[in-house]
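Participant: One structure is given below, represented as structure tokens, and several questions about it will come after.
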Amino acid sequence: TWQYHDFHLNTFRHTHADMEFGRFYEQQYAVALFNSVRYEIEGGGNTQTQLLHRKDPLKNKSIFSGGLFQYLEESKKWRSRFLYVGDSYNISLYESKAVRVINCAGYRALTSMEEYLGLLNNSLSDTKAKAASAPFLKCPSQFPLILWHPYARHHYFCVMTEKEQKKWHAIFQDCVRHSNNGLSEECKVATPAFTDALRLYRQAKGHYGTWDMMCGNQAQILANLVMETLHPELKNLIVPRLKGKLQQRQRDWMLISDAVYRQVLSQTKTQHEALAQVCEVERPRLDSALRTDMDQIVTSKEHVSGKIRAFVLPRVEQLVRSKVQPYIHSILEALMEPTSRGFSEVRDILFRELVEVSKNTMNDSSSEKVGEHMDKISMLAFHPVKMQSCYEKMEALNLEGLQQRCDVSSPSVFIQRAQILMRQQMDNAVHTFEQLVHQSLDGHSGEDFCKTIQRCQDRVLKKYDYDSSTVRKKFFREALLQIIIPYMLKQLSPSCSPELPKYKELIFEDFSRFILVENIFEEVVLQSVSKDIMMAVKEAVVQRRHNLYRDSMVLTNSDPNLHLLGEDTIDWAGQIRGVKGERQGGEVANRKRQTEQDLETEKPKEPGSPDSISEIRDLINPVLEVIEKDGSQQTNGMLPLEEGDEVKLITTVTEFVPRESPIKVDEELDTAQIKQSSEEERCVSAIESAIQQIEIAIQEDPIENLSEGAIDSDGEFAQTSTNSSPFHHDDSGFQSPANENVEEVEPQPITDEVVDTDQVMLTLVEGVKSSIDLDAKAPCDASEKKSEVEIES
């Protein structure tokens, strides 16, 4: 088999040398730079969207992870594998410590062996192949999943249930769809230069219309371009000479095709990088020349465009009237029906998910719960299973009849583009809803917040209706141009292309790199049919069959403050952890701060104490929240105890009870048998003893005075707060994030016994009731209301 190794390398070099892609790319790079600089100088306005756009929606996110069975060609056995799909949409397969990554560009996700065998036999296409032949591998279940590529290696998986098969098929389709989405539009020069050079090269070879294999990055697209010519030649030469049974010949041919494709990919990557580097080095000089002579270059191009338009326009108008206009409406209707159904399904799913959020906040509208619900909905657009029903609506697109007339290879280009737009609109709507909710999160609770959620929902749905109409109309126009313009160029080129070189004489030599007559010819053809396409779309809008808005219905100032919101993704999970950590940390800080303060001060004398204690009260002035046993509502702020006496609110008070002060813990506070005179004497004695203990404690380390049974504010609480916030792994609702439950430290009340005061920390905690009261013999006023405290030992 490998005796043909030298042949395919020589064929590749010959094919790559003949295609002259480098020449087309250098020419189109200068033109793309001219268009970019001109747009920057002259400016150009796009329709302002109503929904906000998220810059990096998949930052620190993952699409899915799980297990399934994979067929290993080396051992010819099925093995269980862990699969992970990250934000790049590459499939990572983990085998022990080894990782194999699959880039899905150019692949197709199949769910039946029959469909796979049909494609396999077509690719083999020799006289020995039989359509009904058995596959060279046996699937252990009835639910296979196969990634098929016309040139590269195939990958075989299987699951045990139909439900699992549908889920994984949706995930694989999402990976393929994302990888086939084309080049980044952020590269304003390199991307249009590459796409225009590729289109002009294929047109020079007689290939007009859409191309299914424009998938992946530049190197992958160029490899597909080379294999488009090289693969048939190799197949005609090698396949007839393969020996063995059909299954073995199929396996051998796939191995050869994959080896050739990998070598081609390696060389196209190297050569494209070198070509791009040459153009980038030349860019500063071209940019300087453009900015210096922009007015003259624009004037020269308009002059040449006028000459070419006068020559081409009569032929173009005749072609449009006879062979284009009669088909525009039928093509548009074929595009509108499934596309509008898909976007309508997106709206329905969005509405259901937002209603679910609103319902979940009815009973609990706390920041933590809202954050949990928003964290789940934030990845809705990237949930392959939930979005699958939207994508399936677009699969119904049928362009039968156009594929021959207009050289449309297949509708897959338009299907995948519309599906990507659906996902973008869903993410924009969810992101806008998140920003509106986040803005309204503070200062609302309960029923008011539920109404706020519903108002945000209504606003987002209205904005989605407008934006989805705008996006669909733009998609229809672009799709019609992609279908019609190649057909028109193919019809006009034989008569017009030979006449174009004479117009080069009208261009100054210094401007010849930025003005190409081939590009001007295509621009004239495009402008001539754009008016008819625009009119067809406007007529479709008036019919109101697919919920399209008129261009005059622009919601320019409907929400002027919306675009002032942030564009970054809201980390709801991080905010939840932050709220919990802030509460725990604040509680710890309060305990520590109050401990330090109480070591320097003393508990105040309640109302009814002798005048000799008033000086100590003035120094300390603590805060106390009283919880009455009769179920009365808690009082915050100033709590009047007796006329003229007040105790301010505190959150936490920690007190060390000295051994000399005999305090007992009993079930009830009994004040009826205590005389007022003896009580005052004991209170004075207790406070004097407490002052002595405080003076000793100030000179020592406060932490050393904490008993062994007490909770260390710097130790256990700090550790719990840190460990309770692991990195949040989001896989879009398929799996529950790990380590969500945080252990909380519960106080241990002690009742019905006398407590050793050296090993007790007495803490008054706001809003917490315990099952113990102060002993009736404690030094306090008998007329005071009964208070409850919590003792942690």
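All residue names refer to the structure tokens as shown: chains lettered A, B, ... in order, residues numbered from 1 in each chain, ligands numbered from 1 in order.
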Quick one: residues within 8 Å of segment 428-431 of chain A, only C-alpha atoms counted, chain neighbours fewer than 6 positions away excluded, as a VMD selection string?

Facilitator: chain A and resid 51 to 54 350 377 to 378 380 to 381 460 to 461 463 to 464 569

Participant: Compare A:Thr470, A:Ser305, A:Ser36, A:Ser112 by their minimum atom-to-atom distance to Thr49 of chain A, counting only C-alpha atoms, and give me the closest one.

Facilitator: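 For Thr49 of chain A, the nearest of the candidates is A:Thr470.
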
Participant: Among the residues of segment 18-176 of chain A, find those DSSP assigns to strand (DSSP E or B) from the backbone and print them as an MDAnalysis selection string.

Facilitator: chainID A and resid 62:72 77:86 91:95 98:102 108:110 143:148 155:159

Participant: Excluding same-chain residues fewer than 3 positions from Thr270 of chain A, what lies within 12 Å of it counting only C-alpha atoms, as a list in words?

Facilitator: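 In the requested format, the answer is Gln218, Ala219, Gln220, Leu222, Ala223, Gln263, Val264, Leu265, Ser266, Gln267, Glu273, Ala274, Leu275, Ala276 and Gln277 of chain A.
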
Participant: How far is it from atom CA of Gln296 of chain A to atom CA of Phe511 of chain A, in Å with one decimal?

Facilitator: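 Answer for the atom CA of Gln296 of chain A to atom CA of Phe511 of chain A separation: 8.7 Å.
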
Participant: Show me a table, sorted first by chain and then by increasing residue number, of the residues of segment 391-432 of chain A having an atom at most 9 Å from segment 476-485 of chain A, each with its shortest atom pair and the distance in Å to one decimal, counting only C-alpha atoms and written as a tab-separated table.

Facilitator:
```
residue	atom	partner	partner_atom	distance
A:Leu402	CA	A:Ile483	CA	8.4
A:Cys406	CA	A:Ile483	CA	6.2
A:Asp407	CA	A:Ile483	CA	7.8
A:Val408	CA	A:Ile483	CA	6.8
A:Phe414	CA	A:Ala479	CA	7.0
```

Participant: Take the residues from that selection and write them out as a short mmCIF file (atom, residue, chain, number, x, y, z; two decimals), in the first residue's frame, keeping N, CA, C and O atoms.

Facilitator:
```cif
data_model
loop_
_atom_site.label_atom_id
_atom_site.label_comp_id
_atom_site.auth_asym_id
_atom_site.auth_seq_id
_atom_site.Cartn_x
_atom_site.Cartn_y
_atom_site.Cartn_z
N LEU A 402 -32.54 24.06 -6.79
CA LEU A 402 -31.55 25.14 -6.86
C LEU A 402 -30.13 24.60 -6.92
O LEU A 402 -29.23 25.28 -7.41
N CYS A 406 -28.36 26.80 -9.54
CA CYS A 406 -27.51 27.85 -8.95
C CYS A 406 -26.20 27.31 -8.38
O CYS A 406 -25.51 28.02 -7.66
N ASP A 407 -25.86 26.07 -8.68
CA ASP A 407 -24.59 25.50 -8.24
C ASP A 407 -24.48 25.53 -6.71
O ASP A 407 -23.45 25.89 -6.14
N VAL A 408 -25.57 25.18 -6.04
CA VAL A 408 -25.56 25.06 -4.59
C VAL A 408 -25.24 23.61 -4.25
O VAL A 408 -26.02 22.70 -4.57
N PHE A 414 -26.20 26.92 4.73
CA PHE A 414 -27.21 27.83 5.24
C PHE A 414 -27.84 27.31 6.53
O PHE A 414 -28.20 28.09 7.41
#
```

Participant: Name the closest residue to Lys235 of chain A among the candidates A:Asn217, A:Gly342, A:Met254, A:Lys61; distances are taken between atoms, counting only C-alpha atoms.

Facilitator: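 Looking at the shortest contact to Lys235 of chain A, the residue is A:Met254.
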
Participant: Got a sec: who's within 9 Å of Ile420 of chain A, counting only C-alpha atoms, leaving out chain neighbours fewer than 3 positions off, as a list of chain:residue names?

Facilitator: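 Residues meeting the cut-off are A:Arg177, A:His178, A:Asn181, A:Ile415, A:Gln416, A:Arg417, A:Arg423, A:Gln424, A:Gln425.
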
Participant: Okay, now the selection with all heavy atoms, as a compact mmCIF listing (two decimals), in the first residue's frame?

Facilitator:
```txt
# COMPACT_ATOMS: atom_id res chain seq x y z
N ARG A 177 -20.99 21.92 14.35
CA ARG A 177 -21.56 23.20 13.93
C ARG A 177 -20.64 24.36 14.29
O ARG A 177 -20.42 25.27 13.49
CB ARG A 177 -22.92 23.37 14.59
CG ARG A 177 -23.70 24.59 14.15
CD ARG A 177 -25.00 24.66 14.90
NE ARG A 177 -25.80 23.48 14.70
CZ ARG A 177 -26.10 22.59 15.65
NH1 ARG A 177 -25.64 22.75 16.88
NH2 ARG A 177 -26.84 21.53 15.39
N HIS A 178 -20.10 24.32 15.51
CA HIS A 178 -19.21 25.40 15.94
C HIS A 178 -17.90 25.39 15.14
O HIS A 178 -17.41 26.44 14.74
CB HIS A 178 -18.91 25.24 17.43
CG HIS A 178 -18.00 26.29 17.97
ND1 HIS A 178 -18.46 27.52 18.43
CD2 HIS A 178 -16.65 26.33 18.13
CE1 HIS A 178 -17.43 28.24 18.83
NE2 HIS A 178 -16.33 27.54 18.67
N ASN A 181 -18.12 26.94 11.60
CA ASN A 181 -18.73 28.27 11.58
C ASN A 181 -17.93 29.29 10.79
O ASN A 181 -18.34 30.44 10.68
CB ASN A 181 -18.93 28.79 13.01
CG ASN A 181 -19.77 30.04 13.07
OD1 ASN A 181 -20.66 30.24 12.23
ND2 ASN A 181 -19.49 30.90 14.03
N ILE A 415 -27.98 26.00 6.62
CA ILE A 415 -28.55 25.42 7.84
C ILE A 415 -27.66 25.73 9.04
O ILE A 415 -28.13 26.21 10.08
CB ILE A 415 -28.72 23.90 7.67
CG1 ILE A 415 -29.82 23.61 6.64
CG2 ILE A 415 -29.05 23.24 9.00
CD1 ILE A 415 -29.97 22.14 6.30
N GLN A 416 -26.37 25.47 8.92
CA GLN A 416 -25.47 25.69 10.04
C GLN A 416 -25.34 27.17 10.38
O GLN A 416 -25.23 27.53 11.55
CB GLN A 416 -24.10 25.09 9.73
CG GLN A 416 -24.11 23.57 9.68
CD GLN A 416 -22.73 22.97 9.46
OE1 GLN A 416 -21.75 23.69 9.28
NE2 GLN A 416 -22.65 21.66 9.45
N ARG A 417 -25.37 28.03 9.37
CA ARG A 417 -25.28 29.46 9.63
C ARG A 417 -26.51 29.95 10.40
O ARG A 417 -26.38 30.73 11.38
CB ARG A 417 -25.16 30.24 8.32
CG ARG A 417 -25.07 31.75 8.48
CD ARG A 417 -23.92 32.14 9.39
NE ARG A 417 -23.87 33.57 9.63
CZ ARG A 417 -23.14 34.14 10.58
NH1 ARG A 417 -22.39 33.39 11.37
NH2 ARG A 417 -23.14 35.44 10.75
N ARG A 423 -28.31 30.43 18.15
CA ARG A 423 -27.57 30.34 19.40
C ARG A 423 -27.10 31.72 19.87
O ARG A 423 -27.17 32.04 21.06
CB ARG A 423 -26.37 29.41 19.24
CG ARG A 423 -25.60 29.17 20.54
CD ARG A 423 -24.56 28.10 20.37
NE ARG A 423 -23.50 28.50 19.47
CZ ARG A 423 -22.56 27.68 19.01
NH1 ARG A 423 -22.59 26.41 19.34
NH2 ARG A 423 -21.61 28.13 18.19
N GLN A 424 -26.65 32.55 18.95
CA GLN A 424 -26.21 33.89 19.32
C GLN A 424 -27.36 34.72 19.87
O GLN A 424 -27.19 35.43 20.88
CB GLN A 424 -25.58 34.57 18.11
CG GLN A 424 -24.24 33.98 17.68
CD GLN A 424 -23.69 34.65 16.43
OE1 GLN A 424 -24.38 35.45 15.77
NE2 GLN A 424 -22.45 34.32 16.08
N GLN A 425 -28.52 34.64 19.24
CA GLN A 425 -29.66 35.41 19.72
C GLN A 425 -30.15 34.93 21.07
O GLN A 425 -30.53 35.72 21.93
CB GLN A 425 -30.81 35.34 18.69
CG GLN A 425 -30.57 36.16 17.44
CD GLN A 425 -30.38 37.63 17.76
OE1 GLN A 425 -29.27 38.16 17.68
NE2 GLN A 425 -31.44 38.30 18.14
```

Participant: Tell me, as a ChimeraX atom specification, which residues lie within 7 Å of Ala30 of chain A, counting only C-alpha atoms; anything in the same chain fewer than 4 positions away does not count.

Facilitator: /A:26,34,513-514

Participant: Between atom CA of Gly66 of chain A and atom CA of Ile349 of chain A, measure the distance and give it in Å to one decimal.

Facilitator: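 For atom CA of Gly66 of chain A relative to atom CA of Ile349 of chain A, the distance reads 24.8 Å.
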
Participant: Which neighbours of Arg341 of chain A fall inside 8 Å, counting only C-alpha atoms, when residues of the same chain fewer than 3 positions from it are skipped, and could you give them as a ChimeraX atom specification?

Facilitator: /A:337-338,344-345,390,393-394

Participant: Please identify all polymer residues within 12 Å of Gln491 of chain A, counting only C-alpha atoms, omitting same-chain residues fewer than 5 positions from it, and present them as a VMD selection string.

Facilitator: chain A and resid 206 208 315 to 316 318 to 320 323 to 324 405 to 407 484 to 486 496 to 497 525

Participant: If you keep all heavy atoms, can you produce a file of those selected residues as a compact mmCIF listing (two decimals), in the first residue's frame?

Facilitator:
```txt
# COMPACT_ATOMS: atom_id res chain seq x y z
N GLY A 206 -13.22 26.91 -12.15
CA GLY A 206 -14.55 26.57 -12.64
C GLY A 206 -15.53 26.17 -11.56
O GLY A 206 -16.63 25.68 -11.88
N TYR A 208 -18.03 27.45 -8.91
CA TYR A 208 -18.79 28.56 -8.37
C TYR A 208 -19.73 28.03 -7.28
O TYR A 208 -19.92 26.84 -7.12
CB TYR A 208 -19.60 29.24 -9.47
CG TYR A 208 -18.75 29.97 -10.49
CD1 TYR A 208 -18.13 29.28 -11.53
CD2 TYR A 208 -18.58 31.35 -10.42
CE1 TYR A 208 -17.36 29.94 -12.47
CE2 TYR A 208 -17.81 32.03 -11.36
CZ TYR A 208 -17.20 31.32 -12.38
OH TYR A 208 -16.43 31.98 -13.30
N ARG A 315 -25.87 43.64 -19.80
CA ARG A 315 -25.88 42.17 -19.73
C ARG A 315 -26.47 41.70 -18.39
O ARG A 315 -27.21 40.71 -18.33
CB ARG A 315 -24.45 41.63 -19.89
CG ARG A 315 -23.84 41.90 -21.25
CD ARG A 315 -22.41 41.38 -21.29
NE ARG A 315 -21.82 41.43 -22.62
CZ ARG A 315 -21.23 42.47 -23.17
NH1 ARG A 315 -21.15 43.59 -22.46
NH2 ARG A 315 -20.74 42.42 -24.39
N VAL A 316 -26.12 42.42 -17.32
CA VAL A 316 -26.60 42.04 -15.99
C VAL A 316 -28.12 42.20 -15.91
O VAL A 316 -28.82 41.30 -15.40
CB VAL A 316 -25.91 42.89 -14.92
CG1 VAL A 316 -26.54 42.65 -13.55
CG2 VAL A 316 -24.42 42.57 -14.86
N GLN A 318 -30.39 42.13 -18.23
CA GLN A 318 -31.08 41.12 -19.01
C GLN A 318 -31.08 39.77 -18.29
O GLN A 318 -32.11 39.07 -18.27
CB GLN A 318 -30.41 40.98 -20.38
CG GLN A 318 -31.09 39.95 -21.29
CD GLN A 318 -30.39 39.83 -22.63
OE1 GLN A 318 -29.39 40.52 -22.89
NE2 GLN A 318 -30.90 38.97 -23.50
N LEU A 319 -29.95 39.42 -17.69
CA LEU A 319 -29.86 38.16 -16.97
C LEU A 319 -30.79 38.17 -15.74
O LEU A 319 -31.45 37.17 -15.45
CB LEU A 319 -28.42 37.91 -16.54
CG LEU A 319 -28.15 36.64 -15.74
CD1 LEU A 319 -28.46 35.40 -16.59
CD2 LEU A 319 -26.70 36.60 -15.25
N VAL A 320 -30.84 39.32 -15.04
CA VAL A 320 -31.70 39.40 -13.85
C VAL A 320 -33.17 39.25 -14.23
O VAL A 320 -33.93 38.53 -13.56
CB VAL A 320 -31.45 40.73 -13.11
CG1 VAL A 320 -32.48 40.94 -12.02
CG2 VAL A 320 -30.05 40.76 -12.52
N LYS A 323 -33.66 35.31 -15.73
CA LYS A 323 -33.28 34.09 -15.01
C LYS A 323 -33.08 34.24 -13.50
O LYS A 323 -32.76 33.27 -12.83
CB LYS A 323 -31.99 33.53 -15.61
CG LYS A 323 -32.14 33.11 -17.06
CD LYS A 323 -30.86 32.46 -17.58
CE LYS A 323 -31.04 32.00 -19.03
NZ LYS A 323 -29.82 31.34 -19.56
N VAL A 324 -33.26 35.45 -12.97
CA VAL A 324 -33.06 35.65 -11.54
C VAL A 324 -34.36 36.07 -10.86
O VAL A 324 -34.79 35.43 -9.88
CB VAL A 324 -31.95 36.67 -11.27
CG1 VAL A 324 -31.85 36.97 -9.77
CG2 VAL A 324 -30.62 36.14 -11.79
N ARG A 405 -29.40 24.39 -10.66
CA ARG A 405 -29.49 25.66 -11.37
C ARG A 405 -28.49 26.67 -10.86
O ARG A 405 -27.82 27.35 -11.65
CB ARG A 405 -30.92 26.23 -11.25
CG ARG A 405 -31.06 27.66 -11.75
CD ARG A 405 -32.49 28.14 -11.61
NE ARG A 405 -33.36 27.44 -12.54
CZ ARG A 405 -33.53 27.82 -13.81
NH1 ARG A 405 -32.90 28.88 -14.28
NH2 ARG A 405 -34.34 27.15 -14.61
N CYS A 406 -28.36 26.80 -9.54
CA CYS A 406 -27.51 27.85 -8.95
C CYS A 406 -26.20 27.31 -8.38
O CYS A 406 -25.51 28.02 -7.66
CB CYS A 406 -28.29 28.58 -7.87
SG CYS A 406 -29.77 29.43 -8.47
N ASP A 407 -25.86 26.07 -8.68
CA ASP A 407 -24.59 25.50 -8.24
C ASP A 407 -24.48 25.53 -6.71
O ASP A 407 -23.45 25.89 -6.14
CB ASP A 407 -23.41 26.25 -8.88
CG ASP A 407 -22.12 25.44 -8.78
OD1 ASP A 407 -22.20 24.23 -8.49
OD2 ASP A 407 -21.03 26.02 -8.98
N ILE A 484 -27.40 33.53 -5.56
CA ILE A 484 -27.63 34.15 -6.87
C ILE A 484 -26.33 34.66 -7.50
O ILE A 484 -26.10 34.47 -8.70
CB ILE A 484 -28.66 35.29 -6.73
CG1 ILE A 484 -30.01 34.70 -6.34
CG2 ILE A 484 -28.76 36.09 -8.01
CD1 ILE A 484 -31.06 35.74 -6.01
N ILE A 485 -25.47 35.33 -6.72
CA ILE A 485 -24.27 35.95 -7.29
C ILE A 485 -23.36 34.93 -7.97
O ILE A 485 -22.91 35.16 -9.11
CB ILE A 485 -23.51 36.75 -6.22
CG1 ILE A 485 -24.36 37.92 -5.72
CG2 ILE A 485 -22.19 37.25 -6.75
CD1 ILE A 485 -24.73 38.91 -6.81
N PRO A 486 -23.05 33.78 -7.37
CA PRO A 486 -22.21 32.81 -8.09
C PRO A 486 -22.84 32.36 -9.42
O PRO A 486 -22.12 32.16 -10.41
CB PRO A 486 -22.09 31.64 -7.10
CG PRO A 486 -22.28 32.26 -5.77
CD PRO A 486 -23.29 33.33 -5.98
N CYS A 496 -17.68 38.55 -20.24
CA CYS A 496 -17.18 39.79 -19.64
C CYS A 496 -15.70 39.72 -19.22
O CYS A 496 -14.98 40.72 -19.33
CB CYS A 496 -18.02 40.16 -18.42
SG CYS A 496 -19.75 40.55 -18.80
N SER A 497 -15.26 38.59 -18.71
CA SER A 497 -13.89 38.49 -18.19
C SER A 497 -12.82 38.84 -19.23
O SER A 497 -11.83 39.51 -18.89
CB SER A 497 -13.65 37.07 -17.64
OG SER A 497 -14.46 36.83 -16.52
N VAL A 525 -21.94 43.55 -10.24
CA VAL A 525 -22.96 42.50 -10.34
C VAL A 525 -23.77 42.43 -9.04
O VAL A 525 -25.00 42.31 -9.07
CB VAL A 525 -22.29 41.14 -10.64
CG1 VAL A 525 -23.32 40.03 -10.61
CG2 VAL A 525 -21.59 41.19 -12.00
```

Participant: Please report the interatomic distance between atom CA of Cys104 of chain A and atom CA of Asn90 of chain A in Å with one decimal.

Facilitator: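 These atoms are spaced 6.7 Å apart.
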
Participant: Nearest to Leu506 of chain A: which of A:Gln142, A:Ser300, A:Ser80, A:Ser412 is it, counting only C-alpha atoms?

Facilitator: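 The shortest atom-to-atom distance to Leu506 of chain A comes from A:Ser300.
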
Participant: Of the candidates A:Ala418, A:Ile102, A:Met426, A:Ile308, which shows the shortest atom-to-atom distance to Asp348 of chain A, using only C-alpha atoms?

Facilitator: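 For Asp348 of chain A, the nearest of the candidates is A:Met426.
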